[in-house]
Amino acid sequence: MNLLTRIFLVLLAAALLPLAAAGVWFLRSSVQVEANARRLHEQIAALSADTLEKAAQDANRAFGFVMDIERNRPSDNARKCRLQGLECGRRSEAGDFRILQQAAATHPEFMLLALLDASGRETVKLADRALFPEPERLDRSKDPLVMRARSTGRLSMDPPEVRSGAALLRLAYPLQGGACLYAAYSLQPLWKRLQGLKIGGSGRVVVLAEDGAPLAGIAGDFLPRDWRLPAAASGQVGWLDSIRVSGAAYVGAWAAAPSFGWRALTLQPRSAALALSGGFKLRAALFLLALTLLVVLMAYWLAGQLTRPLNSMVDAARRVSANDFAKPVPRLGWGELEELGSSFNEMMKTLKAYQDLQVERRLDEKAKVDALIHAIPDGIALAGFDGSIAFINDSARAILGISGAAPSAKAVKEVFRVPELAEAVASLMSRRKRSAGAEFELRPPGARPRFFLCQAVTVMRERREIGILILLRDVTGERELARMKEDFFHSIVHDLRGPIGTIDGFVHLIKRQGGLGEKAQTFLDHVKTSSNKLRDLVADILAAAKIESGQLQLKRQPVSPEKLLSGVRVIYGLQARHAGIELRIEPGPEPPEPLSCDRELVERVLMNLVGNAMKFTPSKGALTVRCACIGAEEEFSVADTGPGIPEDKLEAVFEKFRQLDHGPAPRSGYGLGLAICRQVVALHGGRIWAESKPGQGSRFVFRLPFKAA
């Protein structure tokens with residue numbers, strides 16, 4: 001992301017924060033309009049429900065005459081009528097007619113009042129002939145409303161019906177003796193009051209039955225007869241923000257009227273109810289869009305004005321870092337910007353003059369360093385981690401046989417073709433090691449072989465790896481001198497075998513003659529001990545020489561690992577008890593097959609390891625010898641509780657004539673035992689190593705394959 005984009009985004013974000021705040025305010029205003037519309041509908045629905053409840057109370061008071069009818073029934077006055085010689089039935093009908101007439105006069109909402117006898121026929125009837133032009137004395141015994149009232153013993157009513165433009169509510173009230181009051185109550189005044197509750201120019205109030213269907217007379221053709229309130233509308237009050245009526249979207253609120261079991265529902269087209277909110281949103285969106293475009297354009301223009309001089313400075317700085325001082329910084333603007341450009345140009349002039357001076361000095365120093373490096377007899381090369389050769393002196397070119405021009409880039413594999421040298425360099429290039437060494441031999445045509453020692457190290461500068469330094473040194477003379485010393489040493493060893501045998505023989509003869517004093521016997525013991533040590537040293541040197549020269553032939557035979565350990569127990573058991581050392585022999589489980597090895601040499605390895613461990617194990621210490629089957633190999637280990645071996649000496653102990661300078665026992669031996677152990681194990685195709693931590697003892701382990709390679 002470039003500088004212009006970053007500054008543009010920062011300015012844009014800073015400018016859009018007020019716009020975001022304005023958008024939130026607009027949104028909250030829109031939500032408030034919707035909340036106001038909801039509250040209005042809920043209040044009108046509650047008012048409509050209250051109107052229905054008051055109408056129910058008025059209807060309940062209008063039916064107060066039922067008590068007068070009950071008192072005037074023949075069953076109450078039968079005995080009195082008989083005593084006075086009157087015709088009780090006719091007198092009761094007259095009284096009932098008078099009561100009904102009085103109720104109709106008091107409550108003009110009654111469009112029909114009729115008393116039914118036990119058989120269901122009308123005995124007394126008052127009716128509006130315009131609405132009920134039916135004959136007198138109708139038989140209403142089969143009327144479902146009457147049958148329902150008689151079966152339940154409670155007031156029953158049918159859904160409202162419209163007759164001659166008037167909304168009527170039919171009711172049936174059961175009386176004593178199987179009689180029944182049948183009435184038609186006009187809902188027209190109630191419907192007119194509800195229709196007078198207007199909601200805007202297109203909203204209205206409707207009344208719904210218990211099943212959510214619209215009641216007749218008030219809904220008209222506003223709601224179809226098969227319309228139902230959504231199932232989600234439950235409870236006493238509620239709000240619906242999306243009601244579908246004949247394909248159009250409406251909003252509304254409802255409130256329940258428990259007396260009738262009905263619900264008052266307000267309905268208004270959604271577009272009309274939220275007209276203010278929708279228009280407000282549109283105007284707000286257009287305003288915010290225009291303002292956003294203006295902010296984006298201004299932010300982009302301002303970012304360009306700010307980044308243009310900065311980009312000029314960045315380009316100039318890049319040219320300076322590339323040592324290009326030819327093109328000055330153009331005019332950046334006025335005021336401080338112009339002063340900044342002038343100062344930068346002056347700085348470029350100063351840097352150019354200083355660079356010219358430093359280049360001459362560096363060329364002179366480079367010539368001196370090149371002359372010194374090329375005069376060094378050892379080969380020197382510097383390789384990069386990308387596989388290229390950064391530098392190589394004349395000595396290295398001569399050693400590696402490179403002629404002509406200097407090696408090209410990415411030529412490490414071509415230059416270091418010797419396997420040992422290539423492996424050492426590859427281990428550093430892959431960062432497996434920080435340093436590596438190798439020794440290799442070159443055989444030039446028509447010349448004697450030459451030996452070279454390579455040392456490769458990772459070069460660091462300010463904690464950063466910059467390359468690999470390879471040093472090549474001719475060690476042919478050193479190797480020849482070492483060989484001559486080795487040959488001379490072996491010759492002396494061979495010559496020593498005769499005198500040692502003579503010494504042993506004469507010591508043996510002197511001891512057999514007897515008659516020696518205690519002091520002379522002690523002297524002979526010392527001579528015998530020194531002779532044995534010298535003979536062991538000669539044997540070790542000759543064995544090592546045989547192995548190194550390849551003259552030693554293994555005498556393989558099948559041997560049980562347990563038998564190899566039994567010799568250790570026999571030879572070192574008594575010696576360990578005298579030294580106060582606990583010797584543990586743990587042969588482990590029997591392997592699936594015997595070990596194919598040179599028994600004498602393997603026993604010698606075990607004896608060397610155990611004898612070496614006893615020298616460094618203090619009194620009251622422990623020495624454990626184990627063997628176990630590990631896959632296709634047999635593992636032998638010798639662990640002691642001595643002072644341990646430093647980590648950097650674990651490999652050095654296997655070199656010839658190398659000994660550690662610490663331990664409870666005085667230094668003895670010549671450092672050939674572990675070297676011979678390694679050579680014998682290698683002859684068998686196995687491997688040997690040491691494990692130790694200072695102060696925690698040492699453990700020497702070697703593994704031999706069951707079958708010869």
# chains A, B, ... in the order shown; residues from 1 in each chain; ligands from 1

call {"tool": "select_by_dssp", "arguments": {"residues": "region 561-663 of chain A", "states": "strand (DSSP E or B)", "output": "PDB file with N, CA and C atoms, in the first residue's frame"}}
result
ATOM      1  N   GLU A 582      30.168 -52.254  43.837  1.00  0.00           N
ATOM      2  CA  GLU A 582      29.129 -53.248  43.551  1.00  0.00           C
ATOM      3  C   GLU A 582      29.081 -53.489  42.039  1.00  0.00           C
ATOM      4  N   LEU A 583      29.354 -54.720  41.619  1.00  0.00           N
ATOM      5  CA  LEU A 583      29.342 -55.084  40.203  1.00  0.00           C
ATOM      6  C   LEU A 583      28.044 -55.831  39.891  1.00  0.00           C
ATOM      7  N   ARG A 584      27.232 -55.277  39.006  1.00  0.00           N
ATOM      8  CA  ARG A 584      25.964 -55.885  38.626  1.00  0.00           C
ATOM      9  C   ARG A 584      26.058 -56.374  37.181  1.00  0.00           C
ATOM     10  N   ILE A 585      25.742 -57.646  36.984  1.00  0.00           N
ATOM     11  CA  ILE A 585      25.726 -58.239  35.646  1.00  0.00           C
ATOM     12  C   ILE A 585      24.271 -58.549  35.305  1.00  0.00           C
ATOM     13  N   GLU A 586      23.720 -57.914  34.282  1.00  0.00           N
ATOM     14  CA  GLU A 586      22.321 -58.096  33.896  1.00  0.00           C
ATOM     15  C   GLU A 586      22.273 -58.555  32.448  1.00  0.00           C
ATOM     16  N   LEU A 595      24.781 -64.473  18.621  1.00  0.00           N
ATOM     17  CA  LEU A 595      25.504 -63.351  18.022  1.00  0.00           C
ATOM     18  C   LEU A 595      26.698 -63.885  17.229  1.00  0.00           C
ATOM     19  N   SER A 596      26.791 -63.473  15.955  1.00  0.00           N
ATOM     20  CA  SER A 596      27.917 -63.890  15.114  1.00  0.00           C
ATOM     21  C   SER A 596      29.035 -62.858  15.255  1.00  0.00           C
ATOM     22  N   CYS A 597      30.116 -63.198  15.984  1.00  0.00           N
ATOM     23  CA  CYS A 597      31.178 -62.228  16.238  1.00  0.00           C
ATOM     24  C   CYS A 597      32.474 -62.969  16.568  1.00  0.00           C
ATOM     25  N   ASP A 598      33.549 -62.189  16.667  1.00  0.00           N
ATOM     26  CA  ASP A 598      34.833 -62.688  17.132  1.00  0.00           C
ATOM     27  C   ASP A 598      34.811 -62.607  18.653  1.00  0.00           C
ATOM     28  N   ALA A 622      28.829 -48.143  42.197  1.00  0.00           N
ATOM     29  CA  ALA A 622      28.202 -49.273  41.511  1.00  0.00           C
ATOM     30  C   ALA A 622      28.609 -49.260  40.050  1.00  0.00           C
ATOM     31  N   LEU A 623      28.725 -50.458  39.493  1.00  0.00           N
ATOM     32  CA  LEU A 623      29.083 -50.612  38.085  1.00  0.00           C
ATOM     33  C   LEU A 623      28.128 -51.657  37.506  1.00  0.00           C
ATOM     34  N   THR A 624      27.382 -51.293  36.458  1.00  0.00           N
ATOM     35  CA  THR A 624      26.336 -52.159  35.900  1.00  0.00           C
ATOM     36  C   THR A 624      26.680 -52.505  34.460  1.00  0.00           C
ATOM     37  N   VAL A 625      26.673 -53.826  34.157  1.00  0.00           N
ATOM     38  CA  VAL A 625      26.934 -54.305  32.801  1.00  0.00           C
ATOM     39  C   VAL A 625      25.655 -54.985  32.310  1.00  0.00           C
ATOM     40  N   ARG A 626      25.119 -54.529  31.196  1.00  0.00           N
ATOM     41  CA  ARG A 626      23.863 -55.054  30.673  1.00  0.00           C
ATOM     42  C   ARG A 626      24.030 -55.448  29.211  1.00  0.00           C
ATOM     43  N   CYS A 627      23.116 -56.343  28.782  1.00  0.00           N
ATOM     44  CA  CYS A 627      22.962 -56.602  27.357  1.00  0.00           C
ATOM     45  C   CYS A 627      21.480 -56.817  27.086  1.00  0.00           C
ATOM     46  N   ALA A 628      21.028 -56.403  25.910  1.00  0.00           N
ATOM     47  CA  ALA A 628      19.612 -56.511  25.554  1.00  0.00           C
ATOM     48  C   ALA A 628      19.497 -56.546  24.043  1.00  0.00           C
ATOM     49  N   CYS A 629      18.437 -57.187  23.570  1.00  0.00           N
ATOM     50  CA  CYS A 629      18.178 -57.289  22.125  1.00  0.00           C
ATOM     51  C   CYS A 629      17.409 -56.056  21.672  1.00  0.00           C
ATOM     52  N   ILE A 630      17.966 -55.310  20.725  1.00  0.00           N
ATOM     53  CA  ILE A 630      17.322 -54.114  20.169  1.00  0.00           C
ATOM     54  C   ILE A 630      17.150 -54.337  18.676  1.00  0.00           C
ATOM     55  N   GLU A 633      19.891 -56.036  16.448  1.00  0.00           N
ATOM     56  CA  GLU A 633      21.191 -55.808  17.052  1.00  0.00           C
ATOM     57  C   GLU A 633      21.156 -56.211  18.517  1.00  0.00           C
ATOM     58  N   GLU A 634      22.338 -56.521  19.049  1.00  0.00           N
ATOM     59  CA  GLU A 634      22.503 -56.785  20.476  1.00  0.00           C
ATOM     60  C   GLU A 634      23.246 -55.595  21.081  1.00  0.00           C
ATOM     61  N   GLU A 635      22.660 -55.035  22.145  1.00  0.00           N
ATOM     62  CA  GLU A 635      23.248 -53.848  22.767  1.00  0.00           C
ATOM     63  C   GLU A 635      23.932 -54.243  24.072  1.00  0.00           C
ATOM     64  N   PHE A 636      25.179 -53.795  24.240  1.00  0.00           N
ATOM     65  CA  PHE A 636      25.947 -53.979  25.470  1.00  0.00           C
ATOM     66  C   PHE A 636      26.195 -52.593  26.054  1.00  0.00           C
ATOM     67  N   SER A 637      26.077 -52.479  27.383  1.00  0.00           N
ATOM     68  CA  SER A 637      26.317 -51.187  28.025  1.00  0.00           C
ATOM     69  C   SER A 637      27.038 -51.396  29.340  1.00  0.00           C
ATOM     70  N   VAL A 638      27.919 -50.447  29.672  1.00  0.00           N
ATOM     71  CA  VAL A 638      28.670 -50.445  30.925  1.00  0.00           C
ATOM     72  C   VAL A 638      28.450 -49.074  31.559  1.00  0.00           C
ATOM     73  N   ALA A 639      27.767 -49.045  32.722  1.00  0.00           N
ATOM     74  CA  ALA A 639      27.433 -47.787  33.394  1.00  0.00           C
ATOM     75  C   ALA A 639      28.119 -47.744  34.742  1.00  0.00           C
ATOM     76  N   ASP A 640      28.699 -46.583  35.092  1.00  0.00           N
ATOM     77  CA  ASP A 640      29.368 -46.419  36.382  1.00  0.00           C
ATOM     78  C   ASP A 640      28.780 -45.215  37.100  1.00  0.00           C
TER      79      ASP A 640
END

call {"tool": "select_by_dssp", "arguments": {"residues": "region 83-227 of chain A", "states": "alpha helix (DSSP H)", "output": "number ranges by chain"}}
result
A: 83-84, 88-106, 144-152, 188-195

call {"tool": "residues_around", "arguments": {"residues": "Pro144 (chain A)", "least_positions_apart": "3", "cutoff": "12 Å", "atoms": "only C-alpha atoms", "output": "PyMOL selection string"}}
result
chain A and resi 120+140-141+147-151+156-158+170-172+182

call {"tool": "closest_residue", "arguments": {"among": "A:Lys656, A:Ala708, A:Arg443, A:Arg244", "to": "Gln557 (chain A)", "atoms": "only C-alpha atoms"}}
result
A:Ala708

call {"tool": "residues_around", "arguments": {"residues": "Asp139 (chain A)", "least_positions_apart": "2", "cutoff": "9 Å", "atoms": "only C-alpha atoms", "output": "short mmCIF file (atom, residue, chain, number, x, y, z; two decimals) with C-alpha atoms, in the first residue's frame"}}
result
data_model
loop_
_atom_site.label_atom_id
_atom_site.label_comp_id
_atom_site.auth_asym_id
_atom_site.auth_seq_id
_atom_site.Cartn_x
_atom_site.Cartn_y
_atom_site.Cartn_z
CA LEU A 116 -90.36 -19.59 24.41
CA SER A 119 -91.74 -26.93 23.70
CA GLY A 120 -89.80 -24.13 22.00
CA ARG A 121 -92.84 -22.14 20.68
CA GLU A 122 -93.07 -18.41 21.11
CA ARG A 137 -95.83 -18.00 17.54
CA SER A 141 -87.18 -25.62 19.23
CA LYS A 142 -84.81 -26.60 16.43
CA ASP A 143 -82.85 -23.35 16.49
#

call {"tool": "closest_residue", "arguments": {"among": "A:Leu240, A:Val457, A:Leu47, A:Val320", "to": "Gly196 (chain A)", "atoms": "only C-alpha atoms"}}
result
A:Leu47

call {"tool": "residues_around", "arguments": {"residues": "region 647-652 of chain A", "least_positions_apart": "6", "cutoff": "8 Å", "atoms": "only C-alpha atoms", "output": "list in words"}}
result
Arg658, Trp689, Ala690, Glu691, Ser692, Lys693 and Pro694 of chain A

call {"tool": "atom_distance", "arguments": {"atom1": "CA of Gly379 (chain A)", "atom2": "CA of Asp394 (chain A)"}}
result
7.3 Å

call {"tool": "residues_around", "arguments": {"residues": "Asn323 (chain A)", "least_positions_apart": "5", "cutoff": "10 Å", "atoms": "only C-alpha atoms", "output": "PyMOL selection string"}}
result
chain A and resi 317-318+348+351-352+355

call {"tool": "write_last_selection", "arguments": {"atoms": "N, CA and C atoms", "output": "PDB file, in the first residue's frame"}}
result
ATOM      1  N   ALA A 317      15.581  10.222  -1.953  1.00  0.00           N
ATOM      2  CA  ALA A 317      16.307   9.413  -0.969  1.00  0.00           C
ATOM      3  C   ALA A 317      16.736   8.074  -1.575  1.00  0.00           C
ATOM      4  N   ARG A 318      15.875   7.489  -2.417  1.00  0.00           N
ATOM      5  CA  ARG A 318      16.238   6.234  -3.082  1.00  0.00           C
ATOM      6  C   ARG A 318      17.420   6.442  -4.023  1.00  0.00           C
ATOM      7  N   MET A 348      22.765  16.452  -0.581  1.00  0.00           N
ATOM      8  CA  MET A 348      23.210  15.582  -1.666  1.00  0.00           C
ATOM      9  C   MET A 348      24.575  16.021  -2.192  1.00  0.00           C
ATOM     10  N   LEU A 351      27.206  14.881   0.336  1.00  0.00           N
ATOM     11  CA  LEU A 351      27.409  13.427   0.285  1.00  0.00           C
ATOM     12  C   LEU A 351      28.202  13.015  -0.952  1.00  0.00           C
ATOM     13  N   LYS A 352      27.964  13.668  -2.066  1.00  0.00           N
ATOM     14  CA  LYS A 352      28.692  13.322  -3.285  1.00  0.00           C
ATOM     15  C   LYS A 352      30.184  13.618  -3.139  1.00  0.00           C
ATOM     16  N   GLN A 355      31.635  10.994  -0.818  1.00  0.00           N
ATOM     17  CA  GLN A 355      31.734   9.682  -1.464  1.00  0.00           C
ATOM     18  C   GLN A 355      32.932   9.615  -2.412  1.00  0.00           C
TER      19      GLN A 355
END
